[in-house]
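Inspection log for the structure reproduced underneath, given as structure tokens.
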Amino acid sequence: MTVAVEKPRRPGEPEAVEPAAPAEGARRVSRPVVTGAILALWLALFAVLRGQQTLPLATADLTGLHRWINDVNDSIGAHRNSNPLFLYFFNEIRLVIDHLVTFLQHLISQPSGARPVPQIGWLGVVGIAGYVSWAVGNWRVALLAVAGFTFFGLQGLWQESMDTLALTLSAVFVALLFAIPLGVWAGLSDRFNRIMTPFLDFMQTMPTFVYLAPLTLFFLIGGASATIATVIYAAPPTIRITAHAIRNVSRTTVEAAESLGATRRQSLLKVLLPMSRRTVVMGVNQTIMAALAMVTVAALINAPGLGVNVLQALQSLDVGTAFNAGLAIVVMAIVLDRVTTAASARAESARRPVNRSVKWRRPLLGVGAVVTVVLIDLSHTYLWAADFPGDGTAGHHIAGAADTAANWAQDHLSGVTNAFRDAVTNGLLNPFQSLLTDSPWWLVGAVLVALGVVSGGWRTGATTAVCVGLLVGTGVWSDAMTTLASTLVATVLVMVLGIVLGVWMGRSAHVDRLIRPTLDAAQVMPPFVYLVPFLALFGATRFTAIVAAVVYGAPVAMKIIADGIRAVPGTTVEAATSAGCNTWQIITKVQLPMSRGALTLATNQGLIYVLSMVVVGGLVGAGALGYDVVAGFSQGELYGKGLAAGSAIVLLGVMFDRITQAAARRVGA
């Protein structure tokens, strides 16, 4: 009887399970199959319709939209000092920011009043840098800060470095005034957090170039516009991280404080903020790094500092000068990063019991404060302590060595570099660019919308359709497709590099410890700096921008993939090993499939990083949208086209972000 009961059940179970398994498998397979069908149809139609309705636009040609933007710009310039909106709002904001920037410049970098030197000279600035680094960090960070700031003078770039520092500090100060309160509000209010999230996504998707053109329309070119652009660009990390920190405070701790009679204000000031201090300082670190990157790029709108040196050197293909100034930017980024990272660690240790070393720290800090005040007074009083001695001999040597290395590379490595460049350009970039730029615009748009629907559903498809329509409206469709081709090719290379090294890091803790510090350091460097070494290797070509974009975007992709591989349960890997799988099978059949969410997220972040860098590559011959933006700054008649190109960059970024994020959500689900 038992057998009679069980036998019907066993055949019955497969009948219930087997149809479901193929259906689910078919659902998984259908997306790649549909994607392949879309691409195949595109290729077939491309062969028939090639060269038709491609919306080409010559470099000097303008559309009606571009001329209208030029007219608006001229009208704003003519009425800037009579229109109430400018007189009492935009001009006042520019004036306040300009006063702040000018004050800091006169304080540490530029002559102040009748003085031929700033109020605080180099010796005082070095003393302040060392003391602040020691106070918020430790003596090792203080030594690094002193050495780094002294190095600026030895390079012959003291004033330029201090101008960059003044702009960065001004932007960070203003950004934090808004970002921390907004972050706290977003952490406390779900409704406000939902409102802020789309704006923060949008702001962080936009490449650095894009902020500059519209702001010059309202605030003119110069330090004020650069600072305002930097504030907008640098504020989102602190807002996000502060909100995250507030939300992650233990709810039981807050409830305990409230049960003791603490008001909402007291809970915020005595519980939430102190317990979030370390994470908030990490947000400040990210804001400082973003501000430094933006300040250097803002040289395009006449912002003073090291960015001007790099920009002029890139435009004249002077590798040595660009390398010397780029090295100063890297040193400043490393110093600021180490100081804020050490401050974050100290914020964490401040919650621990006081030990003997901490007891001795306060008297030593008092002595250090006295020494710093003496150094400031000396630098204010004596010329030798105010004006950095020497003529920048170290900088001349560095520039000369960089030129020598660049010439050697061009003489001895040109065969290898040119072969590599030609292989990628002719084998990958040119065919893909031709497919995008020579296809009818409506065909490319339809393909993009279809891929959006397949990747993320109808809502993502609708967003893609809107972006495609607006791209056509900008009048720079052909340049946008050229930029799109370079971005996608660079992203493919980023993912190849990211998967190879990311898997290696994820499988080996030793390799991870060796490589990750280099990746962290690479993410600190502003985008400008990446162009310099590849300019020496490959010259001023679009391939230079692609290689720089790969190196710029690969670190974040490698780290995400490594973390995804490491998150695969060890028991699963052990089970595969015990089943007889070799290393290659474990990677391809177990770890990579189980890390699909991390792979999709890495693609998302890689695309955004690459797009930002490909656009900056307009400075070294990449052309397309990057060139349009740069030309819009330098040639008044092309301002409208440059602003339209900036809008096209935003649309590409939003489209990339929405498609890849939707794909990541589907994979995660």
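Going by the structure tokens order, chains are called A, B, ..., each with residues numbered from 1, while ligands are numbered from 1 in the order shown.
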Can you pull out every residue within 6 Å of range 501-507 of chain A, counting only C-alpha atoms, but drop anything in the same chain fewer than 5 positions away, and send it as an NGL selection string? :A and (512 or 558 or 561-562 or 565-566)
Once you have the residues from the selection above, write them out as an mmCIF file, in the first residue's frame, restricted to C-alpha atoms.
```
data_model
loop_
_atom_site.group_PDB
_atom_site.id
_atom_site.type_symbol
_atom_site.label_atom_id
_atom_site.label_comp_id
_atom_site.auth_asym_id
_atom_site.auth_seq_id
_atom_site.Cartn_x
_atom_site.Cartn_y
_atom_site.Cartn_z
ATOM 1 C CA ASP A 512 44.402 41.781 -3.292
ATOM 2 C CA MET A 558 38.372 45.618 -10.598
ATOM 3 C CA ILE A 561 34.423 42.430 -9.332
ATOM 4 C CA ALA A 562 36.972 41.330 -6.719
ATOM 5 C CA ILE A 565 34.077 37.035 -6.400
ATOM 6 C CA ARG A 566 35.010 37.092 -2.719
#
```
Between A:Ala575, A:Val373, A:Ile398, A:Leu364, which one has atoms that come closest to Leu154 in chain A, using only C-alpha atoms?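 Ranked by minimum distance to Leu154 in chain A, first place goes to A:Ile398.
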Could you tell me which of A:Ile93, A:Ala485, A:Ala509, A:Leu100 comes closest to Ala624 in chain A if we count only C-alpha atoms?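 Going through A:Ile93, A:Ala485, A:Ala509, A:Leu100 one by one, the smallest distance to Ala624 in chain A is for A:Ala485.
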Report, in Å to a single decimal, how far apart CA of Met275 in chain A and CA of Arg251 in chain A are. 11.8 Å
What does the distance between CA of Gly223 in chain A and CA of Ala303 in chain A come to in Å, to one decimal place?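 Computed distance, CA of Gly223 in chain A to CA of Ala303 in chain A, equals 4.8 Å.
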Distance query range 40-56 of chain A at most 6 Å, only C-alpha atoms, self and fewer than 5 positions along chain excluded, as an mmCIF file with N, CA, C and O atoms, in the first residue's frame:
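part_6.cif was written with the following content:
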```cif
data_model
loop_
_atom_site.group_PDB
_atom_site.id
_atom_site.type_symbol
_atom_site.label_atom_id
_atom_site.label_comp_id
_atom_site.auth_asym_id
_atom_site.auth_seq_id
_atom_site.Cartn_x
_atom_site.Cartn_y
_atom_site.Cartn_z
ATOM 1 N N ASP A 438 27.322 55.784 -39.282
ATOM 2 C CA ASP A 438 26.826 55.633 -40.650
ATOM 3 C C ASP A 438 25.450 54.990 -40.720
ATOM 4 O O ASP A 438 24.875 54.872 -41.813
ATOM 5 N N SER A 439 24.932 54.539 -39.591
ATOM 6 C CA SER A 439 23.560 54.032 -39.573
ATOM 7 C C SER A 439 22.588 55.211 -39.528
ATOM 8 O O SER A 439 22.902 56.268 -38.975
ATOM 9 N N PRO A 440 21.398 55.063 -40.094
ATOM 10 C CA PRO A 440 20.386 56.112 -39.944
ATOM 11 C C PRO A 440 20.119 56.384 -38.462
ATOM 12 O O PRO A 440 20.104 55.454 -37.644
ATOM 13 N N TRP A 441 19.892 57.636 -38.138
ATOM 14 C CA TRP A 441 19.734 57.997 -36.732
ATOM 15 C C TRP A 441 18.559 57.262 -36.098
ATOM 16 O O TRP A 441 18.631 56.847 -34.933
ATOM 17 N N SER A 478 25.882 63.106 -34.690
ATOM 18 C CA SER A 478 27.039 62.384 -35.220
ATOM 19 C C SER A 478 28.187 62.384 -34.221
ATOM 20 O O SER A 478 28.832 61.353 -33.992
#
```
Distance query Pro527 in chain A at most 8 Å, only C-alpha atoms, self and fewer than 4 positions along chain excluded, as a ChimeraX atom specification: /A:293,531,552,613,616
Which of these, A:Leu57, A:Ile228, A:Ala256, A:Leu182, has the shortest distance to Val472 in chain A once you count only C-alpha atoms?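 Of A:Leu57, A:Ile228, A:Ala256, A:Leu182, the one nearest Val472 in chain A, counting only C-alpha atoms, is A:Leu57.
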Between A:Gly392, A:Thr572, A:Gln315, A:Met196, which one has atoms that come closest to Tyr627 in chain A, using only C-alpha atoms?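 Of the candidates, the smallest distance to Tyr627 in chain A is held by A:Gln315.
The shell of residues at most 9 Å from Leu217 in chain A, with only C-alpha atoms counted and near chain neighbours (fewer than 2 positions) removed, consists of A:Asn73, A:Ile76, A:Gly77, A:Ala213, A:Pro214, A:Leu215, A:Phe219, A:Leu220, A:Ile221.
A straight line drawn from CA of Pro118 in chain A to CA of His106 in chain A is 5.2 Å long.
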